[in-house]
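Heads up, the thing below is written out as structure tokens.
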Amino acid sequence: MARIGVIGAGYVGLTTAACFARLGHTVVCADVDEAKVSALSRASVGAHEPRLAELVAEGLGTGRLRFVLGNRAALADVDFVFVCVPTPTGPDGAADLTFVDAVLDEARGTVGPDCVIVIKSTVPAGTTERVAAVIDRPVVSNPEFLREGHAVDDFLRPQRVVVGAPGPRGAAGREAAVRVAELYAGTGAPAIVTDSASAELVKYASNCFLAMKLSYVNSLAELCERVGADVSDVTEGMSLDDRIGGAFLSPGPGWGGSCFPKDTRALLSTAESLDVDFPLLRATIDTNHAQAHRVVGLVRDAVGPLRGARLALLGLTFKAGTDDLRDSPALATATLLAAEGAVLTGYDPCVSADCGPVRVLPSAEEAARDADALVILTEWPEFADLDWEDMASTMTGRSVVDTRNLLPPAKVTEAGFHLVPLGRPTP
Ligand code: UDX
Ligand code: UDX
């Protein structure tokens, strides 16, 4: 079993640390946030991530996991250092590598001679190769594919492990890359060991492809509305073709979160900087920007001019099963609705503080009180179980715009509502 240092206790770093401890390795996880380190050391996990708190408590209990303050504290006496710090979008759309570069600077001269530095943060193709040239230690790329809300499961039962070493076909650090792949032996996942640029690109190529699928289906939903087709039947028909598959074909208010928006922009920026025209990717991003405007149009069609309209928004996080509001399409839609003068209340099972223009209330019923219309923006299953007779008695208006096609149409319409789904005929 290995000694592993993890830098950054965000949702990726913390999941990595807790799961490696679970797999039997000894892990020291560092973060620069003192409050976070102290909370984690008491097994208090802030993130809404199933099983993560349990694994952190287990790791602390067995002594295989501990938390330390400051990046440097996880660099000494370890066989592997996993860099899991943020790579946010820079001013020009490219990934900002300031945090990664700073950690690597600290690692130089601190890590032992046999230590392998593993870049798990999402970085543009070529980064590992560039870094490896100035660090006298093996450096490899090992991208993560963790979905929020499923991170522990995705780590312990991944569909693939990808590791890349610098040089043609990863020749320069192949042995180190194989050692990193072996850390995941307990997961039973197939491993791809390749060159670092390819490994880095697997991450961007996957997320951008998924985003492209979603923009495609969101446009398809609009077309379905025009021709009177039902997008659910269309995507079901598509999904029975093995070459297409059924995943990531649900239309919605747009795709968001901490990865898709930044990764699509970063890959486009990489392509542009290398003079590669990538119109599909540009259209994927533009279609997504237009989607929030389209949802506003549906609300306007349902309630009339938005100035002074009281709207209840159900769901504020970027998807169900997480408390994450980063780049949430629900909030993008809220901002546009507020810009047209709508007055917004909201409810989300994982959000308690007001969000931008949305006054957040403790229940769906309270958010809906006196509202002219209700807009479903995140697919929390509990919204499907609302008592629609009860909702009708508290609301002023009778319009429900369901951007996730989540609600049971019969129950909603029987309670007297006019239901506007996405990509389906109005019931
Ligand atoms: C991050 C990156 O954004 C993503 O590109 C990559 O794929 C994985 O790592 P995430 O885990 O969501 O994703 O980041 P976040 O939840 O913001 O947490 C980052 C943590 O790193 C924070 O707790 C922050 O305090 C910490 N950090 C940051 C350090 O410990 N050291 C630093 O130098 C910078
Ligand atoms: C994503 C990747 O899936 C994961 O592998 C990792 O690289 C991190 O980024 P995550 O950000 O947790 O994970 O979100 P994901 O579940 O992929 O959803 C992204 C967005 O697409 C959300 O806004 C979601 O609501 C939307 N979505 C997803 C749809 O609108 N319809 C779908 O059918 C699926």
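Following the order of the structure tokens, first chain is A, next is B, and so on, with residues numbered from 1 inside each chain and ligands from 1 in the order they appear.
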Residues at most 9 Å from segment 142-158 of chain A, counting only C-alpha atoms, excluding those fewer than 5 positions away in the same chain, as a PDB file with C-alpha atoms, in the first residue's frame?
```
ATOM      1  CA  TYR A  11     -15.008  17.803  -3.802  1.00  0.00           C
ATOM      2  CA  VAL A  12     -12.391  16.169  -6.043  1.00  0.00           C
ATOM      3  CA  THR A  15     -13.176  12.289  -2.517  1.00  0.00           C
ATOM      4  CA  THR A  16      -9.767  11.186  -3.796  1.00  0.00           C
ATOM      5  CA  ALA A  18     -11.159   9.439   1.440  1.00  0.00           C
ATOM      6  CA  CYS A  19     -11.460   6.796  -1.298  1.00  0.00           C
ATOM      7  CA  PHE A  20      -7.727   6.043  -1.464  1.00  0.00           C
ATOM      8  CA  ARG A  22     -10.757   3.227   1.806  1.00  0.00           C
ATOM      9  CA  LEU A  23      -8.701   1.254  -0.723  1.00  0.00           C
ATOM     10  CA  HIS A  48     -23.507  17.191   0.100  1.00  0.00           C
ATOM     11  CA  GLU A  49     -21.910  14.020  -1.257  1.00  0.00           C
ATOM     12  CA  PRO A  50     -23.330  10.576  -0.461  1.00  0.00           C
ATOM     13  CA  ARG A  51     -21.045   8.317   1.618  1.00  0.00           C
ATOM     14  CA  LEU A  52     -18.237  10.878   1.740  1.00  0.00           C
ATOM     15  CA  LEU A  55     -15.532   7.356   4.445  1.00  0.00           C
ATOM     16  CA  PHE A  82      -2.151  14.245  -6.140  1.00  0.00           C
ATOM     17  CA  VAL A 118       0.052  13.364 -10.234  1.00  0.00           C
ATOM     18  CA  ILE A 119      -1.975  16.174 -11.798  1.00  0.00           C
ATOM     19  CA  LYS A 120      -5.651  15.418 -11.187  1.00  0.00           C
ATOM     20  CA  SER A 121      -6.844  19.004 -11.680  1.00  0.00           C
ATOM     21  CA  THR A 122      -8.255  19.484 -15.176  1.00  0.00           C
ATOM     22  CA  VAL A 123      -5.450  21.098 -17.187  1.00  0.00           C
ATOM     23  CA  VAL A 163      -2.988   7.949 -16.692  1.00  0.00           C
ATOM     24  CA  GLY A 164      -0.604   9.749 -19.036  1.00  0.00           C
ATOM     25  CA  ALA A 177       2.170   6.091 -14.847  1.00  0.00           C
ATOM     26  CA  VAL A 180      -0.315   5.380 -10.475  1.00  0.00           C
ATOM     27  CA  ALA A 181      -2.741   3.120 -12.365  1.00  0.00           C
ATOM     28  CA  TYR A 184      -6.664   1.950  -8.353  1.00  0.00           C
ATOM     29  CA  GLY A 186      -8.934  -2.337  -5.883  1.00  0.00           C
ATOM     30  CA  THR A 187     -11.554  -0.724  -8.132  1.00  0.00           C
ATOM     31  CA  GLY A 188     -11.337  -3.324 -10.914  1.00  0.00           C
ATOM     32  CA  ALA A 189     -11.560  -0.590 -13.572  1.00  0.00           C
ATOM     33  CA  PRO A 190      -9.806  -0.858 -16.943  1.00  0.00           C
ATOM     34  CA  SER A 196       0.061  12.957 -20.946  1.00  0.00           C
ATOM     35  CA  ALA A 199      -4.778  11.750 -20.964  1.00  0.00           C
ATOM     36  CA  GLU A 200      -5.440  15.461 -20.490  1.00  0.00           C
ATOM     37  CA  VAL A 202      -9.671  12.485 -22.565  1.00  0.00           C
ATOM     38  CA  LYS A 203     -11.112  14.654 -19.803  1.00  0.00           C
ATOM     39  CA  SER A 206     -15.510  13.575 -22.637  1.00  0.00           C
ATOM     40  CA  ASN A 207     -17.041  16.593 -20.919  1.00  0.00           C
ATOM     41  CA  GLY A 257     -21.879  23.109 -12.763  1.00  0.00           C
ATOM     42  CA  ALA A 320     -30.398  17.534  -8.347  1.00  0.00           C
ATOM     43  CA  GLY A 321     -28.406  15.666  -5.701  1.00  0.00           C
ATOM     44  CA  THR A 322     -25.909  18.446  -4.988  1.00  0.00           C
ATOM     45  CA  ASP A 323     -25.809  21.693  -3.023  1.00  0.00           C
ATOM     46  CA  ASP A 324     -23.547  23.254  -5.657  1.00  0.00           C
TER      47      ASP A 324
END
```
Members of segment 187-399 of chain A assigned strand (DSSP E or B) by DSSP, as a VMD selection string: chain A and resid 191 to 195 310 to 314 343 to 348 351 355 358 to 360 373 to 376 399
Spatial neighbours of Ala2 of chain A, max dist 8 Å, only C-alpha atoms, sep filter under 5 positions, as a list in words: His25, Thr26, Val78, Asp79, Phe80 and Leu183 of chain A
Surrounding residues as a ChimeraX atom specification, ligand 1, max 6 Å, only C-alpha atoms and all ligand atoms: /A:7-13,30-33,71,84-88,99,103,121-122
Point-to-point distance in Å for atom CA of Ala330 of chain A and atom CA of Leu377 of chain A: 5.4 Å
Gly245 of chain A environment, 10 Å, only C-alpha atoms, sequence neighbours closer than 6 positions dropped, as a list in words: Thr235, Glu236, Gly237, Met238 and Ser239 of chain A
Those same residues, written as a PDB file, in the first residue's frame with N, CA and C atoms?
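Output saved as result.pdb:
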```pdb
ATOM      1  N   THR A 235     -36.192  10.750 -27.938  1.00  0.00           N
ATOM      2  CA  THR A 235     -34.913  10.312 -27.344  1.00  0.00           C
ATOM      3  C   THR A 235     -34.974   8.835 -26.960  1.00  0.00           C
ATOM      4  N   GLU A 236     -36.161   8.356 -26.595  1.00  0.00           N
ATOM      5  CA  GLU A 236     -36.269   6.916 -26.302  1.00  0.00           C
ATOM      6  C   GLU A 236     -35.981   6.121 -27.566  1.00  0.00           C
ATOM      7  N   GLY A 237     -36.533   6.596 -28.669  1.00  0.00           N
ATOM      8  CA  GLY A 237     -36.279   5.930 -29.950  1.00  0.00           C
ATOM      9  C   GLY A 237     -34.802   5.971 -30.316  1.00  0.00           C
ATOM     10  N   MET A 238     -34.168   7.117 -30.054  1.00  0.00           N
ATOM     11  CA  MET A 238     -32.730   7.226 -30.346  1.00  0.00           C
ATOM     12  C   MET A 238     -31.920   6.294 -29.454  1.00  0.00           C
ATOM     13  N   SER A 239     -32.332   6.221 -28.177  1.00  0.00           N
ATOM     14  CA  SER A 239     -31.500   5.527 -27.190  1.00  0.00           C
ATOM     15  C   SER A 239     -31.437   4.023 -27.428  1.00  0.00           C
TER      16      SER A 239
END
```
